[in-house]
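One structure is given below, encoded as structure tokens.
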2 protein chains.
Amino acid sequence: MNRAARILLLLLLPAVQPSSRLAAQRPKVEITTTDAFDARTIPPYRGTHPDVYAYIDGHQAEHLAHLQRWLRQPSVSAQNQGIAQMAELVRGDLRALGCRESELVPTAGHPGVFAYCDEGAPKTLLIYMMYDVQPVEPSEWRSPPFEAAVVDHELGRVLMGRGATNQKGPQRAFLNAVAAIRAVKGKLPVNLLFAVEGEEELGSPNYPQVIDKYEARFRTASGVFFPFNAQSANGDVAMFLGVKGIVSFELEARGGPQGGPTRAEIHGSYKAITDSPVLRLVQAMASLTSKDGNTITVPGYYDRIRQPTVEEQRLLNGLLPAWTAHEPGLRQAMGVEQWIGGMQGRATQLEYLFNTTLNIDGMWAGYTGPGMKTILPHVATAKLDSRLVPDQTPDEALRLIRTHLDAQGFRDVAIRKLSGYPPAQSSVEAPLVRAAIGVFNKAGLTPSVAPRLAGSAPYYVFTERLKLPMVAAGLGYGTGAHAPNEFMVIEPRAGSRLAGLAGIEKFYVDLLYALAEVR
Amino acid sequence: MNRAARILLLLLLPAVQPSSRLAAQRPKVEITTTDAFDARTIPPYRGTHPDVYAYIDGHQAEHLAHLQRWLRQPSVSAQNQGIAQMAELVRGDLRALGCRESELVPTAGHPGVFAYCDEGAPKTLLIYMMYDVQPVEPSEWRSPPFEAAVVDHELGRVLMGRGATNQKGPQRAFLNAVAAIRAVKGKLPVNLLFAVEGEEELGSPNYPQVIDKYEARFRTASGVFFPFNAQSANGDVAMFLGVKGIVSFELEARGGPQGGPTRAEIHGSYKAITDSPVLRLVQAMASLTSKDGNTITVPGYYDRIRQPTVEEQRLLNGLLPAWTAHEPGLRQAMGVEQWIGGMQGRATQLEYLFNTTLNIDGMWAGYTGPGMKTILPHVATAKLDSRLVPDQTPDEALRLIRTHLDAQGFRDVAIRKLSGYPPAQSSVEAPLVRAAIGVFNKAGLTPSVAPRLAGSAPYYVFTERLKLPMVAAGLGYGTGAHAPNEFMVIEPRAGSRLAGLAGIEKFYVDLLYALAEVR
């Protein structure tokens, strides 16, 4: 390049740079190993506890009644319905289990429950539970949501009610298993710590306060267990070792010293001389992504995303055949004719599990009724979320967005953080994880093991803060978690691969013993 | 520039072009004359009609009762409340005035009313009226909206009720003036055609059907008159000779064959592999303007805007001192701390009256409640409007926007036209306009005369289609047109420059005679 050309290039560069969005690229995830994880290589759990199983079989009516008692106590966190009563019910049940300590934990929101069952065992397991449930629309239920009736279903006999599967059913089944061991053996094979919250359905805003109070004691645990109906309707078992984090926030543009109406909407004809907060919000949001909405153009946003570890790659490789087979059905279920750019198979697997997102959950401004009302609104608002993968953090994500908006001239667009937490992940090599897989293998239901879910949960308090592995596992099937007619299968029809309540409880018995036994 | 530099420039150009929005500029309006229009140069109307004035003074109770009768008949077009009754009431009143023809005009919506009063006069005036009113929230009124009570007010005694000033009050006052002339003189000085609509508050969607039916007869008129309370609270009179046009439309993005959820919202975590219709809409809207939202980046959008004629420039020059003085108060009333870029005076005058606009009146998508619901919505919608100035047209405007969206890759974003009509304008030299100014001058209330309003009205049917000048004029003051406690001053307090009902009616008498007399 000669000197004149170089000078010309320099002169042109500032004009080219505003097109930086064209240069933004979704991060490339590299798979460097062909090795695949296979859960069958983990030995099945070999222990057996026939006296406890027999006790469980002999107490099914009583055990089911415990589940029903939990479901019949409403505990809708969003509406503060029955929260105090449910917290007390959980505290009392944990005390009745023989936990020496069992107490409510006040927080800035709904109380948590802490309990400790000291069995003099060398190992301690921390049990995570939630006692709150989603709101209900009673008119849409075929059996009333807080009646907890056992009804017939094509899958067998099911317990129908709010919380049946999310999470009162599996949690109380776990306590039934604990009670059965104590009744038969006198002692549990591991000590149990409980850290229960009443705000899971609100995004766990105050759960860190529960952790704060008992942090040193929780750190003595070997892992965290979340009783969970992990079977699909066909009996298959899925495990996941992590979740994405999330940061939720609002963007809002208002009239102010920089221009635009400040007090109320004005007549639309004034747009000729007046700035529009709605257009400002639209422009600010548009600056965050590529034109197709699929690449985040915030400088540095992808920089903290680390490549998958070899362990994660092995898990991905192991999952790929099932993912690829499952994916067209998923598209159909979601009503999506093609994924982004027509991607399939490995590409979707990697994007789904290993990329961050920027999503507009909702937005609103001005007149939204029928016909037309020509106004220039003074405020426009949007709710956005970004799913976070290792090593992103909520505060860093918002800082990058703020810096970008400022650099693009959108200082007038406010960011209001709603909630946020980082991702969480456990290793497939953790003793608790291996114990869970071993117990599934004993049941002849080898699980698929995903490095993480694309969804979010605040498990970072366990994995990142307490540095404990966490597992959500269990036999059993239920559905309708955030919908009408939520249920959990209690007695599957003949020939089903699904576990019923007794089978679910026996899994938990085996898991506690298996964990006590793994090195 | 040497050859290497030229080649480099060519290579770089494609990269530069996507930033074309940077190059977009609001059109420059050029003022080439310093001459200013002064309404005082138009001779005051010299006629006088004392017998008619005396009749008006002697029949004020009866005349006020006519206004009240109109106001007490609800006629809310948006809610189809009292429409048929009001149309019939207007038809009957026009018949009672002595109009030989008076008939309802069915349309696809609410009916219009046509009437013709043949006075054997050489000139014919077409009267535009609307009989519908805005909806009401009765609880917000201090006197019930359809009671039409005369109440005390700091400005004097006022008639309070829906339609008092918009437009039943001034329209029925005009008919009172016509009735007074006929009672005293037997004949009117001009023939009158009436073209009344019942959908003005809906944007006059079917008014062209009223014009269609009588087009040839309407073309015989010398102009169109709209009885109108043209005084400000302080007594000043403003006239405008035109209005902007408008095109209103919705933009909508939905999931479809190109991607995105098609049936319903899906869980927000699927953003990782799924296109977002909300982000598509945001990107499409962002592509329509510069980052500040104030320059339309649709290629060619400004091309049809013509420069102000010398007549328009003289009107602008004449208005400038008053506009400049008025502008800070307008900002305060609107709650706007600064106009776009801090512009003032001439710049705002030109932008306000001579530029087109693109405005987002409202938008909505997804979850808009408290807190967070992490969803990927399947549809996002916005309502937009663009005010049109000569020589823009609604269809050309939408065609340019469609072409631009297609070129930018937004074929998946639908445009739904809601309504639209072109701008309208009359000349200050039109006999009807000169007559109106002359009558104002006779009253000692020389009007300010604007070439147009920044607002929109479908007067193109008169000015562009029938090629008739149109004037909205009258003495009198009222306010609250689209708000609670709408009123019109009937008896101003002593010392006020406002006309009361009698003065308003005498203005209309003079105007009809003045029009008959101008060459």
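Going by the structure tokens order, chains are called A, B, ..., each with residues numbered from 1, while ligands are numbered from 1 in the order shown.
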
Identify, on the basis of only C-alpha atoms, every residue whose closest approach to Val151 in chain B does not exceed 12 Å; exclude the query and any residue fewer than 5 positions from it along the same chain; express the result as a ChimeraX atom specification. /B:142-144,156-161,485-492

Please save C-alpha atoms of the selected residues as a compact mmCIF listing (two decimals), in the first residue's frame.
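Produced file result_27.txt, reproduced below:
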# COMPACT_ATOMS: atom_id res chain seq x y z
CA ARG B 142 -67.81 18.39 37.27
CA SER B 143 -71.01 18.79 35.25
CA PRO B 144 -72.32 15.62 33.55
CA GLY B 156 -67.53 33.85 32.16
CA ARG B 157 -70.58 31.66 31.74
CA VAL B 158 -69.76 28.55 29.74
CA LEU B 159 -71.70 25.70 28.19
CA MET B 160 -70.15 22.50 29.54
CA GLY B 161 -70.59 19.15 27.86
CA ASN B 485 -65.08 19.26 31.31
CA GLU B 486 -65.16 20.34 27.66
CA PHE B 487 -66.77 23.75 27.38
CA MET B 488 -67.46 26.74 25.13
CA VAL B 489 -67.75 30.29 26.42
CA ILE B 490 -71.34 31.58 26.01
CA GLU B 491 -71.15 34.89 27.92
CA PRO B 492 -67.58 36.10 28.47

9 Å contact set for Ser496 in chain B, only C-alpha atoms, chain neighbours under 3 positions out, as a PDB file with C-alpha atoms, in the first residue's frame:
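Final output, saved to part16.pdb:
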ATOM      1  CA  LEU B 155     -63.798  33.189  31.710  1.00  0.00           C
ATOM      2  CA  GLY B 156     -67.528  33.848  32.159  1.00  0.00           C
ATOM      3  CA  ASN B 234     -56.793  35.632  25.554  1.00  0.00           C
ATOM      4  CA  GLY B 235     -58.907  36.513  22.522  1.00  0.00           C
ATOM      5  CA  PRO B 492     -67.577  36.102  28.470  1.00  0.00           C
ATOM      6  CA  ARG B 493     -66.822  38.095  31.630  1.00  0.00           C
ATOM      7  CA  ALA B 499     -66.882  36.633  21.705  1.00  0.00           C
TER       8      ALA B 499
END

Using DSSP on the backbone coordinates, identify all residues within range 452-504 of chain A classified as strand (DSSP E); present the result as a ChimeraX atom specification. /A:470-473,478-479,487-492

Check which residues of chain A sit at most 6 Å from chain B using only C-alpha atoms, and return one row each with the closest pair of atoms and their distance in Å to one decimal, ordered by chain and rising number, as JSON lines.
{"residue": "A:Ala5", "atom": "CA", "partner": "B:Ala5", "partner_atom": "CA", "distance": 4.5}
{"residue": "A:Val16", "atom": "CA", "partner": "B:Val16", "partner_atom": "CA", "distance": 5.4}
{"residue": "A:Pro257", "atom": "CA", "partner": "B:Glu337", "partner_atom": "CA", "distance": 5.6}
{"residue": "A:Gly259", "atom": "CA", "partner": "B:Gln338", "partner_atom": "CA", "distance": 5.0}
{"residue": "A:Gly260", "atom": "CA", "partner": "B:Val336", "partner_atom": "CA", "distance": 5.7}
{"residue": "A:Pro261", "atom": "CA", "partner": "B:Val336", "partner_atom": "CA", "distance": 4.7}
{"residue": "A:Thr262", "atom": "CA", "partner": "B:Gly335", "partner_atom": "CA", "distance": 5.3}
{"residue": "A:Arg263", "atom": "CA", "partner": "B:Gly335", "partner_atom": "CA", "distance": 5.7}
{"residue": "A:Ser269", "atom": "CA", "partner": "B:Gly455", "partner_atom": "CA", "distance": 5.3}
{"residue": "A:Ala272", "atom": "CA", "partner": "B:Tyr352", "partner_atom": "CA", "distance": 5.1}
{"residue": "A:Ile273", "atom": "CA", "partner": "B:Ile340", "partner_atom": "CA", "distance": 5.5}
{"residue": "A:Thr274", "atom": "CA", "partner": "B:Trp339", "partner_atom": "CA", "distance": 5.1}
{"residue": "A:Asp275", "atom": "CA", "partner": "B:Ile340", "partner_atom": "CA", "distance": 5.6}
{"residue": "A:Leu279", "atom": "CA", "partner": "B:Gly293", "partner_atom": "CA", "distance": 5.2}
{"residue": "A:Val282", "atom": "CA", "partner": "B:Val282", "partner_atom": "CA", "distance": 5.6}
{"residue": "A:Gln283", "atom": "CA", "partner": "B:Ala286", "partner_atom": "CA", "distance": 5.2}
{"residue": "A:Ala286", "atom": "CA", "partner": "B:Gln283", "partner_atom": "CA", "distance": 5.2}
{"residue": "A:Lys291", "atom": "CA", "partner": "B:Gln283", "partner_atom": "CA", "distance": 5.7}
{"residue": "A:Gly293", "atom": "CA", "partner": "B:Leu279", "partner_atom": "CA", "distance": 5.2}
{"residue": "A:Gly335", "atom": "CA", "partner": "B:Thr262", "partner_atom": "CA", "distance": 5.3}
{"residue": "A:Val336", "atom": "CA", "partner": "B:Pro261", "partner_atom": "CA", "distance": 4.7}
{"residue": "A:Glu337", "atom": "CA", "partner": "B:Pro257", "partner_atom": "CA", "distance": 5.6}
{"residue": "A:Gln338", "atom": "CA", "partner": "B:Gly259", "partner_atom": "CA", "distance": 5.0}
{"residue": "A:Trp339", "atom": "CA", "partner": "B:Thr274", "partner_atom": "CA", "distance": 5.1}
{"residue": "A:Ile340", "atom": "CA", "partner": "B:Thr274", "partner_atom": "CA", "distance": 5.2}
{"residue": "A:Glu351", "atom": "CA", "partner": "B:Ala272", "partner_atom": "CA", "distance": 5.8}
{"residue": "A:Tyr352", "atom": "CA", "partner": "B:Ala272", "partner_atom": "CA", "distance": 5.1}
{"residue": "A:Thr357", "atom": "CA", "partner": "B:Ala272", "partner_atom": "CA", "distance": 5.5}
{"residue": "A:Asp361", "atom": "CA", "partner": "B:Ile375", "partner_atom": "CA", "distance": 5.1}
{"residue": "A:Gly362", "atom": "CA", "partner": "B:Gly366", "partner_atom": "CA", "distance": 4.1}
{"residue": "A:Met363", "atom": "CA", "partner": "B:Ala365", "partner_atom": "CA", "distance": 5.3}
{"residue": "A:Trp364", "atom": "CA", "partner": "B:Trp364", "partner_atom": "CA", "distance": 4.4}
{"residue": "A:Ala365", "atom": "CA", "partner": "B:Gly362", "partner_atom": "CA", "distance": 5.0}
{"residue": "A:Gly366", "atom": "CA", "partner": "B:Gly362", "partner_atom": "CA", "distance": 4.1}
{"residue": "A:Tyr367", "atom": "CA", "partner": "B:Gly362", "partner_atom": "CA", "distance": 4.5}
{"residue": "A:Thr368", "atom": "CA", "partner": "B:Gly362", "partner_atom": "CA", "distance": 5.6}
{"residue": "A:Thr374", "atom": "CA", "partner": "B:Asp361", "partner_atom": "CA", "distance": 5.7}
{"residue": "A:Ile375", "atom": "CA", "partner": "B:Asp361", "partner_atom": "CA", "distance": 5.1}
{"residue": "A:Leu376", "atom": "CA", "partner": "B:Asp361", "partner_atom": "CA", "distance": 5.8}
{"residue": "A:Ala454", "atom": "CA", "partner": "B:Ser269", "partner_atom": "CA", "distance": 5.7}
{"residue": "A:Gly455", "atom": "CA", "partner": "B:Ser269", "partner_atom": "CA", "distance": 5.4}

As a ChimeraX atom specification, please: the residues near Gly47 in chain B (cut-off 12 Å, only C-alpha atoms, same-chain neighbours under 6 positions excluded). /B:435,438-439,442-443,506-507,509-518
